[in-house]
$ cat model34.txt   # compact mmCIF, N, CA and C atoms
# COMPACT_ATOMS: atom_id res chain seq x y z
N MET E 784 18.89 -12.66 1.47
CA MET E 784 18.42 -11.85 2.58
C MET E 784 17.42 -12.68 3.37
N LYS E 785 17.52 -12.62 4.66
CA LYS E 785 16.68 -13.44 5.53
C LYS E 785 16.27 -12.60 6.73
N GLY E 786 15.07 -12.82 7.25
CA GLY E 786 14.66 -12.05 8.40
C GLY E 786 13.42 -12.61 9.07
N CYS E 787 13.26 -12.26 10.33
CA CYS E 787 12.09 -12.63 11.12
C CYS E 787 11.62 -11.38 11.87
N ILE E 788 10.49 -11.50 12.53
CA ILE E 788 9.98 -10.39 13.32
C ILE E 788 10.90 -10.18 14.51
N GLY E 789 11.36 -8.96 14.70
CA GLY E 789 12.30 -8.65 15.77
C GLY E 789 11.61 -8.27 17.08
N GLN E 790 12.38 -7.71 17.98
CA GLN E 790 11.88 -7.33 19.30
C GLN E 790 10.86 -6.21 19.21
N ARG E 791 11.08 -5.25 18.30
CA ARG E 791 10.11 -4.15 18.18
C ARG E 791 8.79 -4.65 17.61
N GLY E 792 8.85 -5.59 16.68
CA GLY E 792 7.62 -6.18 16.15
C GLY E 792 6.88 -6.97 17.21
N LEU E 793 7.62 -7.68 18.05
CA LEU E 793 7.01 -8.42 19.16
C LEU E 793 6.33 -7.46 20.13
N ALA E 794 6.97 -6.31 20.39
CA ALA E 794 6.38 -5.32 21.29
C ALA E 794 5.07 -4.78 20.72
N VAL E 795 5.03 -4.55 19.41
CA VAL E 795 3.79 -4.08 18.77
C VAL E 795 2.69 -5.12 18.92
N LEU E 796 3.03 -6.38 18.68
CA LEU E 796 2.02 -7.44 18.79
C LEU E 796 1.55 -7.62 20.23
N GLN E 797 2.45 -7.47 21.20
CA GLN E 797 2.04 -7.58 22.59
C GLN E 797 1.13 -6.43 22.99
N LEU E 798 1.41 -5.22 22.50
CA LEU E 798 0.51 -4.09 22.77
C LEU E 798 -0.86 -4.30 22.14
N ARG E 799 -0.89 -4.84 20.93
CA ARG E 799 -2.17 -5.14 20.28
C ARG E 799 -2.95 -6.17 21.09
N MET E 800 -2.24 -7.17 21.58
CA MET E 800 -2.90 -8.22 22.36
C MET E 800 -3.42 -7.65 23.68
N GLY E 801 -2.67 -6.76 24.30
CA GLY E 801 -3.13 -6.11 25.52
C GLY E 801 -4.36 -5.24 25.28
N ALA E 802 -4.38 -4.54 24.14
CA ALA E 802 -5.55 -3.73 23.80
C ALA E 802 -6.77 -4.61 23.55
N ALA E 803 -6.56 -5.74 22.91
CA ALA E 803 -7.67 -6.68 22.69
C ALA E 803 -8.19 -7.23 24.01
N LEU E 804 -7.29 -7.49 24.95
CA LEU E 804 -7.70 -7.96 26.27
C LEU E 804 -8.50 -6.89 27.00
N ALA E 805 -8.06 -5.65 26.91
CA ALA E 805 -8.80 -4.55 27.56
C ALA E 805 -10.19 -4.39 26.94
N ALA E 806 -10.28 -4.49 25.62
CA ALA E 806 -11.58 -4.39 24.96
C ALA E 806 -12.48 -5.55 25.36
N ALA E 807 -11.91 -6.76 25.45
CA ALA E 807 -12.71 -7.91 25.87
C ALA E 807 -13.18 -7.74 27.31
N GLY E 808 -12.33 -7.20 28.17
CA GLY E 808 -12.74 -6.95 29.56
C GLY E 808 -13.87 -5.95 29.64
N PHE E 809 -13.80 -4.91 28.81
CA PHE E 809 -14.86 -3.92 28.78
C PHE E 809 -16.18 -4.55 28.33
N LEU E 810 -16.12 -5.34 27.28
CA LEU E 810 -17.34 -5.99 26.78
C LEU E 810 -17.88 -7.02 27.76
N LEU E 811 -16.98 -7.72 28.44
CA LEU E 811 -17.44 -8.69 29.44
C LEU E 811 -18.06 -7.99 30.64
N GLY E 812 -17.55 -6.81 30.98
CA GLY E 812 -18.15 -6.03 32.06
C GLY E 812 -19.58 -5.62 31.70
N ALA E 813 -19.77 -5.25 30.44
CA ALA E 813 -21.12 -4.91 29.99
C ALA E 813 -22.01 -6.14 29.94
N ALA E 814 -21.43 -7.29 29.56
CA ALA E 814 -22.22 -8.53 29.49
C ALA E 814 -22.56 -9.06 30.87
N ALA E 815 -21.79 -8.67 31.88
CA ALA E 815 -22.04 -9.15 33.24
C ALA E 815 -23.38 -8.68 33.78
N VAL E 816 -23.90 -7.62 33.21
CA VAL E 816 -25.23 -7.13 33.62
C VAL E 816 -26.29 -8.17 33.28
N PHE E 817 -26.14 -8.82 32.13
CA PHE E 817 -27.16 -9.74 31.66
C PHE E 817 -26.88 -11.19 32.05
N ALA E 818 -25.62 -11.60 32.06
CA ALA E 818 -25.27 -12.98 32.39
C ALA E 818 -24.01 -12.97 33.26
N PRO E 819 -24.14 -12.69 34.55
CA PRO E 819 -22.95 -12.55 35.39
C PRO E 819 -22.13 -13.83 35.52
N ALA E 820 -22.77 -14.98 35.56
CA ALA E 820 -22.02 -16.24 35.71
C ALA E 820 -21.17 -16.52 34.47
N ALA E 821 -21.76 -16.34 33.31
CA ALA E 821 -21.02 -16.59 32.07
C ALA E 821 -19.88 -15.59 31.91
N ALA E 822 -20.11 -14.33 32.26
CA ALA E 822 -19.06 -13.32 32.16
C ALA E 822 -17.92 -13.63 33.12
N ALA E 823 -18.24 -14.11 34.31
CA ALA E 823 -17.20 -14.45 35.29
C ALA E 823 -16.34 -15.60 34.79
N VAL E 824 -16.96 -16.59 34.18
CA VAL E 824 -16.20 -17.72 33.63
C VAL E 824 -15.28 -17.25 32.51
N LEU E 825 -15.79 -16.40 31.63
CA LEU E 825 -14.97 -15.90 30.53
C LEU E 825 -13.82 -15.03 31.03
N VAL E 826 -14.04 -14.25 32.07
CA VAL E 826 -12.96 -13.44 32.64
C VAL E 826 -11.87 -14.34 33.20
N ILE E 827 -12.24 -15.41 33.87
CA ILE E 827 -11.26 -16.35 34.43
C ILE E 827 -10.47 -17.02 33.30
N VAL E 828 -11.15 -17.41 32.24
CA VAL E 828 -10.47 -18.05 31.11
C VAL E 828 -9.49 -17.08 30.46
N LEU E 829 -9.93 -15.83 30.22
CA LEU E 829 -9.03 -14.84 29.63
C LEU E 829 -7.84 -14.53 30.54
N ALA E 830 -8.10 -14.42 31.83
CA ALA E 830 -7.01 -14.14 32.78
C ALA E 830 -5.99 -15.27 32.82
N ALA E 831 -6.44 -16.50 32.61
CA ALA E 831 -5.51 -17.64 32.61
C ALA E 831 -4.78 -17.76 31.27
N ALA E 832 -5.45 -17.42 30.17
CA ALA E 832 -4.85 -17.62 28.85
C ALA E 832 -3.89 -16.50 28.46
N TYR E 833 -4.13 -15.28 28.92
CA TYR E 833 -3.31 -14.16 28.48
C TYR E 833 -1.82 -14.31 28.83
N PRO E 834 -1.46 -14.65 30.07
CA PRO E 834 -0.01 -14.80 30.36
C PRO E 834 0.66 -15.88 29.52
N PHE E 835 -0.04 -16.98 29.29
CA PHE E 835 0.53 -18.04 28.43
C PHE E 835 0.74 -17.52 27.02
N ALA E 836 -0.27 -16.84 26.48
CA ALA E 836 -0.16 -16.33 25.11
C ALA E 836 0.94 -15.29 25.00
N ALA E 837 1.05 -14.39 25.96
CA ALA E 837 2.07 -13.34 25.90
C ALA E 837 3.47 -13.89 26.10
N ALA E 838 3.62 -14.90 26.94
CA ALA E 838 4.96 -15.41 27.26
C ALA E 838 5.45 -16.48 26.30
N PHE E 839 4.55 -17.29 25.75
CA PHE E 839 5.00 -18.43 24.95
C PHE E 839 4.52 -18.39 23.50
N TRP E 840 3.22 -18.24 23.29
CA TRP E 840 2.68 -18.36 21.94
C TRP E 840 3.13 -17.22 21.04
N LEU E 841 3.04 -15.97 21.50
CA LEU E 841 3.38 -14.83 20.66
C LEU E 841 4.86 -14.80 20.26
N PRO E 842 5.81 -15.03 21.18
CA PRO E 842 7.21 -15.09 20.74
C PRO E 842 7.48 -16.25 19.78
N ALA E 843 6.81 -17.39 19.98
CA ALA E 843 6.99 -18.51 19.06
C ALA E 843 6.43 -18.17 17.68
N TRP E 844 5.30 -17.46 17.65
CA TRP E 844 4.72 -17.06 16.36
C TRP E 844 5.64 -16.09 15.65
N CYS E 845 6.27 -15.18 16.42
CA CYS E 845 7.20 -14.22 15.82
C CYS E 845 8.42 -14.91 15.24
N ARG E 846 8.91 -15.94 15.90
CA ARG E 846 10.04 -16.69 15.36
C ARG E 846 9.64 -17.47 14.11
N ALA E 847 8.38 -17.90 14.04
CA ALA E 847 7.93 -18.68 12.89
C ALA E 847 7.60 -17.80 11.68
N ALA E 848 7.30 -16.55 11.90
CA ALA E 848 6.97 -15.64 10.80
C ALA E 848 8.26 -15.06 10.25
N CYS E 849 8.71 -15.59 9.13
CA CYS E 849 9.98 -15.14 8.58
C CYS E 849 9.92 -15.11 7.05
N PHE E 850 10.93 -14.53 6.46
CA PHE E 850 11.02 -14.48 5.01
C PHE E 850 12.46 -14.78 4.59
N ARG E 851 12.59 -15.30 3.38
CA ARG E 851 13.87 -15.51 2.75
C ARG E 851 13.76 -14.96 1.34
N ALA E 852 14.73 -14.16 0.94
CA ALA E 852 14.67 -13.54 -0.38
C ALA E 852 16.01 -13.65 -1.08
N THR E 853 15.92 -13.87 -2.37
CA THR E 853 17.07 -13.81 -3.25
C THR E 853 16.74 -12.81 -4.34
N ALA E 854 17.64 -12.63 -5.28
CA ALA E 854 17.37 -11.70 -6.37
C ALA E 854 16.28 -12.22 -7.30
N GLU E 855 15.94 -13.49 -7.21
CA GLU E 855 14.95 -14.07 -8.12
C GLU E 855 13.60 -14.37 -7.48
N ALA E 856 13.54 -14.53 -6.15
CA ALA E 856 12.28 -14.92 -5.52
C ALA E 856 12.28 -14.55 -4.05
N VAL E 857 11.09 -14.61 -3.47
CA VAL E 857 10.92 -14.39 -2.03
C VAL E 857 9.97 -15.46 -1.50
N CYS E 858 10.27 -15.95 -0.30
CA CYS E 858 9.43 -16.94 0.36
C CYS E 858 9.05 -16.37 1.72
N VAL E 859 7.73 -16.27 1.98
CA VAL E 859 7.22 -15.73 3.24
C VAL E 859 6.50 -16.86 3.97
N GLU E 860 6.93 -17.14 5.20
CA GLU E 860 6.33 -18.22 6.00
C GLU E 860 5.72 -17.63 7.26
N LYS E 861 4.55 -18.18 7.65
CA LYS E 861 3.85 -17.73 8.86
C LYS E 861 3.18 -18.93 9.51
N GLY E 862 2.95 -18.80 10.81
CA GLY E 862 2.12 -19.77 11.52
C GLY E 862 2.88 -20.84 12.26
N ILE E 863 2.25 -21.31 13.34
CA ILE E 863 2.81 -22.40 14.13
C ILE E 863 1.99 -23.67 13.88
N LEU E 864 0.74 -23.63 14.27
CA LEU E 864 -0.13 -24.79 14.05
C LEU E 864 -0.64 -24.84 12.62
N LEU E 865 -1.10 -23.71 12.12
CA LEU E 865 -1.56 -23.60 10.74
C LEU E 865 -0.49 -22.88 9.95
N HIS E 866 0.47 -23.65 9.45
CA HIS E 866 1.62 -23.09 8.76
C HIS E 866 1.25 -22.77 7.32
N SER E 867 1.68 -21.59 6.86
CA SER E 867 1.49 -21.24 5.46
C SER E 867 2.79 -20.67 4.92
N ALA E 868 3.04 -20.96 3.67
CA ALA E 868 4.23 -20.45 3.00
C ALA E 868 3.82 -19.94 1.63
N ALA E 869 4.29 -18.77 1.29
CA ALA E 869 4.02 -18.18 -0.02
C ALA E 869 5.36 -17.97 -0.72
N PHE E 870 5.48 -18.51 -1.92
CA PHE E 870 6.69 -18.38 -2.71
C PHE E 870 6.36 -17.54 -3.93
N LEU E 871 7.02 -16.40 -4.06
CA LEU E 871 6.76 -15.50 -5.18
C LEU E 871 8.03 -15.32 -6.01
N SER E 872 7.90 -15.55 -7.29
CA SER E 872 8.98 -15.26 -8.21
C SER E 872 9.04 -13.76 -8.44
N ARG E 873 10.22 -13.22 -8.63
CA ARG E 873 10.37 -11.79 -8.84
C ARG E 873 9.60 -11.32 -10.07
N HIS E 874 9.50 -12.16 -11.07
CA HIS E 874 8.82 -11.78 -12.30
C HIS E 874 7.30 -11.72 -12.14
N LYS E 875 6.76 -12.36 -11.11
CA LYS E 875 5.32 -12.34 -10.87
C LYS E 875 4.88 -11.12 -10.05
N ILE E 876 5.80 -10.50 -9.34
CA ILE E 876 5.47 -9.37 -8.48
C ILE E 876 5.33 -8.11 -9.35
N ARG E 877 4.16 -7.47 -9.27
CA ARG E 877 3.91 -6.27 -10.07
C ARG E 877 4.43 -5.02 -9.38
N TYR E 878 4.14 -4.86 -8.11
CA TYR E 878 4.66 -3.73 -7.36
C TYR E 878 4.58 -4.04 -5.88
N ALA E 879 5.20 -3.20 -5.09
CA ALA E 879 5.24 -3.36 -3.64
C ALA E 879 4.75 -2.08 -2.99
N ALA E 880 4.17 -2.22 -1.81
CA ALA E 880 3.71 -1.07 -1.05
C ALA E 880 4.21 -1.20 0.39
N VAL E 881 4.77 -0.12 0.89
CA VAL E 881 5.23 -0.07 2.27
C VAL E 881 4.15 0.65 3.08
N PHE E 882 3.65 0.01 4.13
CA PHE E 882 2.61 0.64 4.93
C PHE E 882 2.87 0.36 6.41
N SER E 883 2.24 1.16 7.26
CA SER E 883 2.38 0.95 8.69
C SER E 883 1.17 1.53 9.40
N THR E 884 0.86 0.94 10.53
CA THR E 884 -0.20 1.44 11.38
C THR E 884 0.40 2.49 12.31
N PRO E 885 -0.43 3.28 12.98
CA PRO E 885 0.14 4.26 13.92
C PRO E 885 1.00 3.62 15.01
N LEU E 886 0.62 2.45 15.48
CA LEU E 886 1.41 1.75 16.50
C LEU E 886 2.75 1.30 15.93
N GLN E 887 2.75 0.82 14.69
CA GLN E 887 4.01 0.43 14.06
C GLN E 887 4.92 1.65 13.87
N ARG E 888 4.32 2.79 13.49
CA ARG E 888 5.13 4.00 13.31
C ARG E 888 5.78 4.43 14.62
N MET E 889 5.08 4.23 15.76
CA MET E 889 5.67 4.58 17.05
C MET E 889 6.94 3.78 17.31
N PHE E 890 6.99 2.54 16.85
CA PHE E 890 8.15 1.69 17.06
C PHE E 890 9.11 1.69 15.88
N GLY E 891 8.79 2.45 14.83
CA GLY E 891 9.70 2.58 13.69
C GLY E 891 9.75 1.37 12.79
N ILE E 892 8.65 0.66 12.65
CA ILE E 892 8.63 -0.51 11.78
C ILE E 892 7.51 -0.37 10.75
N VAL E 893 7.62 -1.12 9.67
CA VAL E 893 6.64 -1.10 8.58
C VAL E 893 6.38 -2.53 8.13
N SER E 894 5.39 -2.68 7.26
CA SER E 894 5.14 -3.96 6.60
C SER E 894 5.25 -3.73 5.11
N LEU E 895 5.70 -4.74 4.40
CA LEU E 895 5.87 -4.65 2.95
C LEU E 895 4.86 -5.58 2.30
N ARG E 896 3.99 -5.01 1.48
CA ARG E 896 2.98 -5.81 0.79
C ARG E 896 3.41 -5.96 -0.66
N LEU E 897 3.58 -7.22 -1.09
CA LEU E 897 3.98 -7.52 -2.46
C LEU E 897 2.73 -7.90 -3.25
N MET E 898 2.44 -7.19 -4.32
CA MET E 898 1.24 -7.41 -5.12
C MET E 898 1.57 -8.21 -6.37
N THR E 899 0.75 -9.21 -6.64
CA THR E 899 0.85 -9.98 -7.87
C THR E 899 -0.48 -9.88 -8.60
N ALA E 900 -0.55 -10.47 -9.77
CA ALA E 900 -1.80 -10.44 -10.51
C ALA E 900 -2.87 -11.27 -9.80
N GLY E 901 -2.47 -12.27 -9.03
CA GLY E 901 -3.44 -13.15 -8.39
C GLY E 901 -3.71 -12.85 -6.93
N GLY E 902 -3.03 -11.91 -6.34
CA GLY E 902 -3.26 -11.61 -4.93
C GLY E 902 -2.14 -10.79 -4.35
N LYS E 903 -1.99 -10.90 -3.02
CA LYS E 903 -0.96 -10.13 -2.35
C LYS E 903 -0.39 -10.95 -1.19
N VAL E 904 0.85 -10.67 -0.87
CA VAL E 904 1.55 -11.31 0.24
C VAL E 904 2.18 -10.21 1.06
N THR E 905 2.02 -10.28 2.39
CA THR E 905 2.56 -9.26 3.27
C THR E 905 3.75 -9.81 4.05
N VAL E 906 4.84 -9.08 4.03
CA VAL E 906 6.00 -9.38 4.87
C VAL E 906 5.88 -8.46 6.07
N PRO E 907 5.52 -9.00 7.25
CA PRO E 907 5.19 -8.14 8.39
C PRO E 907 6.39 -7.65 9.18
N MET E 908 6.20 -6.51 9.84
CA MET E 908 7.06 -5.99 10.90
C MET E 908 8.55 -5.92 10.53
N LEU E 909 8.87 -5.12 9.51
CA LEU E 909 10.25 -4.92 9.10
C LEU E 909 10.70 -3.51 9.47
N ASP E 910 12.01 -3.33 9.61
CA ASP E 910 12.54 -1.97 9.69
C ASP E 910 12.32 -1.31 8.33
N HIS E 911 12.16 0.00 8.32
CA HIS E 911 11.89 0.70 7.06
C HIS E 911 13.01 0.46 6.06
N SER E 912 14.25 0.54 6.52
CA SER E 912 15.38 0.35 5.61
C SER E 912 15.43 -1.08 5.09
N GLU E 913 15.05 -2.05 5.93
CA GLU E 913 15.03 -3.45 5.50
C GLU E 913 13.95 -3.68 4.44
N ALA E 914 12.80 -3.03 4.60
CA ALA E 914 11.74 -3.16 3.60
C ALA E 914 12.17 -2.57 2.26
N LEU E 915 12.81 -1.41 2.30
CA LEU E 915 13.30 -0.80 1.06
C LEU E 915 14.39 -1.64 0.42
N ARG E 916 15.26 -2.22 1.26
CA ARG E 916 16.33 -3.09 0.74
C ARG E 916 15.75 -4.34 0.09
N LEU E 917 14.68 -4.91 0.69
CA LEU E 917 14.04 -6.09 0.12
C LEU E 917 13.39 -5.74 -1.22
N ALA E 918 12.72 -4.60 -1.30
CA ALA E 918 12.11 -4.18 -2.57
C ALA E 918 13.18 -3.94 -3.62
N ALA E 919 14.30 -3.36 -3.22
CA ALA E 919 15.40 -3.12 -4.17
C ALA E 919 16.04 -4.44 -4.61
N LEU E 920 16.18 -5.38 -3.70
CA LEU E 920 16.75 -6.69 -4.04
C LEU E 920 15.89 -7.40 -5.07
N LEU E 921 14.58 -7.32 -4.89
CA LEU E 921 13.66 -7.95 -5.85
C LEU E 921 13.45 -7.11 -7.10
N ARG E 922 14.01 -5.89 -7.11
CA ARG E 922 13.85 -4.95 -8.23
C ARG E 922 12.38 -4.73 -8.55
N VAL E 923 11.63 -4.42 -7.49
CA VAL E 923 10.19 -4.20 -7.60
C VAL E 923 9.92 -2.72 -7.37
N PRO E 924 9.12 -2.08 -8.22
CA PRO E 924 8.81 -0.66 -7.98
C PRO E 924 7.88 -0.51 -6.79
N LEU E 925 8.14 0.50 -5.97
CA LEU E 925 7.26 0.81 -4.85
C LEU E 925 6.06 1.59 -5.35
N ALA E 926 4.90 1.33 -4.77
CA ALA E 926 3.67 2.01 -5.17
C ALA E 926 3.78 3.49 -4.85
N ALA E 927 3.07 4.30 -5.63
CA ALA E 927 3.12 5.74 -5.44
C ALA E 927 2.53 6.15 -4.11
N GLY E 928 1.55 5.38 -3.61
CA GLY E 928 0.90 5.73 -2.33
C GLY E 928 1.63 5.19 -1.14
N GLY E 929 2.80 4.59 -1.34
CA GLY E 929 3.53 4.02 -0.22
C GLY E 929 4.07 5.09 0.72
N MET E 930 4.47 4.68 1.91
CA MET E 930 4.96 5.61 2.91
C MET E 930 6.32 6.15 2.48
N ARG E 931 6.48 7.45 2.57
CA ARG E 931 7.76 8.06 2.25
C ARG E 931 8.38 8.60 3.52
N ARG E 932 9.68 8.53 3.58
CA ARG E 932 10.39 9.07 4.74
C ARG E 932 11.46 10.02 4.24
N GLU E 933 11.40 11.25 4.71
CA GLU E 933 12.38 12.25 4.27
C GLU E 933 13.63 12.15 5.09
$ encode --input "model34.txt" --output "structure tokens"
Amino acid sequence: MKGCIGQRGLAVLQLRMGAALAAAGFLLGAAAVFAPAAAAVLVIVLAAAYPFAAAFWLPAWCRAACFRATAEAVCVEKGILLHSAAFLSRHKIRYAAVFSTPLQRMFGIVSLRLMTAGGKVTVPMLDHSEALRLAALLRVPLAAGGMRRE
């Protein structure tokens, strides 16, 4: 089984980035009272960086964030410049938890968190059925507090 962040996951990340830009604009507006020149420079930098980030960096990051799973192990990769890869054997995984933020629920996607004795690894932005299929493929029990769908 193989997968990457899809279009709905990209839309969630773009909305998050837009909300962060709006919050930064609000804070810069408040900071303009005390340091108008510095706030103006930061607004110009943010206005120039946002279109680049939304058009190029975020889709590239979504393509780079992927997972590969077999019946024996799962490998989760993330990052463009700072690449990280986590390889988990099925026997090391204690349980899995399916969770989602309110924004993810609006788009019908979830994240799957795989818990081991030494830490946790998150497989981001999956369809609910894909997350359940991945947990079933790894034969990992889902946590009792995980999201249920009737």
$ residues_near_point --input "model34.txt" --point "(3.6, -8.9, -8.0)" --cutoff "6 Å" --atoms "all atoms listed in the file" --output "PyMOL selection string"
chain E and resi 875-878+897-900
$ atom_distance --input "model34.txt" --atom1 "atom CA of Val859 of chain E" --atom2 "atom CA of Ser912 of chain E"
18.2 Å
$ closest_residue --input "model34.txt" --among "E:Ala822, E:Leu804, E:Leu871, E:Ile892" --to "Phe850 of chain E" --atoms "only C-alpha atoms"
E:Leu871
$ axis_aligned_box --input "model34.txt" --around "segment 793-803 of chain E" --padding-each-side "4 Å" --output "AutoDock Vina command-line options"
--center_x -0.3 --center_y -6.1 --center_z 21.8 --size_x 23.8 --size_y 12.7 --size_z 15.5
$ select_by_dssp --input "model34.txt" --residues "chain E" --states "helix (DSSP H, G or I)" --output "ChimeraX atom specification"
/E:790-814,819-847,885-890,911-920
$ residues_near_point --input "model34.txt" --point "(9.2, -16.0, -1.4)" --cutoff "8 Å" --atoms "all atoms listed in the file" --output "list in words"
Phe850, Arg851, Ala852, Thr853, Glu855, Ala856, Val857, Cys858, Val859, Glu860, Ala868, Ala869, Phe870, Leu871, Ser872 and Arg873 of chain E
$ decode --input "model34.txt" --residues "segment 808-816 of chain E" --atoms "all heavy atoms" --output "short mmCIF file (atom, residue, chain, number, x, y, z; two decimals), in the first residue's frame"
data_model
loop_
_atom_site.label_atom_id
_atom_site.label_comp_id
_atom_site.auth_asym_id
_atom_site.auth_seq_id
_atom_site.Cartn_x
_atom_site.Cartn_y
_atom_site.Cartn_z
N GLY E 808 -1.03 39.06 9.78
CA GLY E 808 -1.44 40.40 9.38
C GLY E 808 -2.08 41.17 10.52
O GLY E 808 -1.83 42.36 10.70
N PHE E 809 -2.89 40.47 11.31
CA PHE E 809 -3.51 41.11 12.47
C PHE E 809 -2.45 41.55 13.48
O PHE E 809 -2.49 42.67 13.99
CB PHE E 809 -4.49 40.13 13.12
CG PHE E 809 -5.14 40.67 14.36
CD1 PHE E 809 -6.16 41.60 14.28
CD2 PHE E 809 -4.72 40.25 15.61
CE1 PHE E 809 -6.75 42.11 15.42
CE2 PHE E 809 -5.30 40.74 16.76
CZ PHE E 809 -6.32 41.67 16.66
N LEU E 810 -1.51 40.67 13.76
CA LEU E 810 -0.45 41.02 14.71
C LEU E 810 0.46 42.12 14.18
O LEU E 810 0.91 42.98 14.94
CB LEU E 810 0.37 39.77 15.06
CG LEU E 810 -0.38 38.70 15.86
CD1 LEU E 810 0.47 37.47 16.03
CD2 LEU E 810 -0.82 39.26 17.21
N LEU E 811 0.72 42.10 12.88
CA LEU E 811 1.54 43.17 12.31
C LEU E 811 0.80 44.50 12.33
O LEU E 811 1.42 45.56 12.49
CB LEU E 811 1.96 42.82 10.88
CG LEU E 811 3.08 41.78 10.79
CD1 LEU E 811 3.28 41.37 9.34
CD2 LEU E 811 4.36 42.31 11.39
N GLY E 812 -0.51 44.47 12.18
CA GLY E 812 -1.29 45.69 12.28
C GLY E 812 -1.20 46.28 13.69
O GLY E 812 -1.09 47.49 13.86
N ALA E 813 -1.23 45.41 14.68
CA ALA E 813 -1.07 45.87 16.06
C ALA E 813 0.35 46.36 16.31
O ALA E 813 0.56 47.35 17.01
CB ALA E 813 -1.42 44.75 17.03
N ALA E 814 1.34 45.70 15.70
CA ALA E 814 2.74 46.12 15.88
C ALA E 814 3.04 47.42 15.15
O ALA E 814 3.99 48.12 15.50
CB ALA E 814 3.67 45.02 15.39
N ALA E 815 2.24 47.75 14.14
CA ALA E 815 2.47 48.98 13.38
C ALA E 815 2.30 50.23 14.23
O ALA E 815 2.82 51.29 13.90
CB ALA E 815 1.54 49.03 12.17
N VAL E 816 1.58 50.10 15.32
CA VAL E 816 1.41 51.23 16.24
C VAL E 816 2.75 51.61 16.85
O VAL E 816 3.07 52.79 17.02
CB VAL E 816 0.38 50.88 17.33
CG1 VAL E 816 0.31 51.94 18.41
CG2 VAL E 816 -0.98 50.64 16.72
#
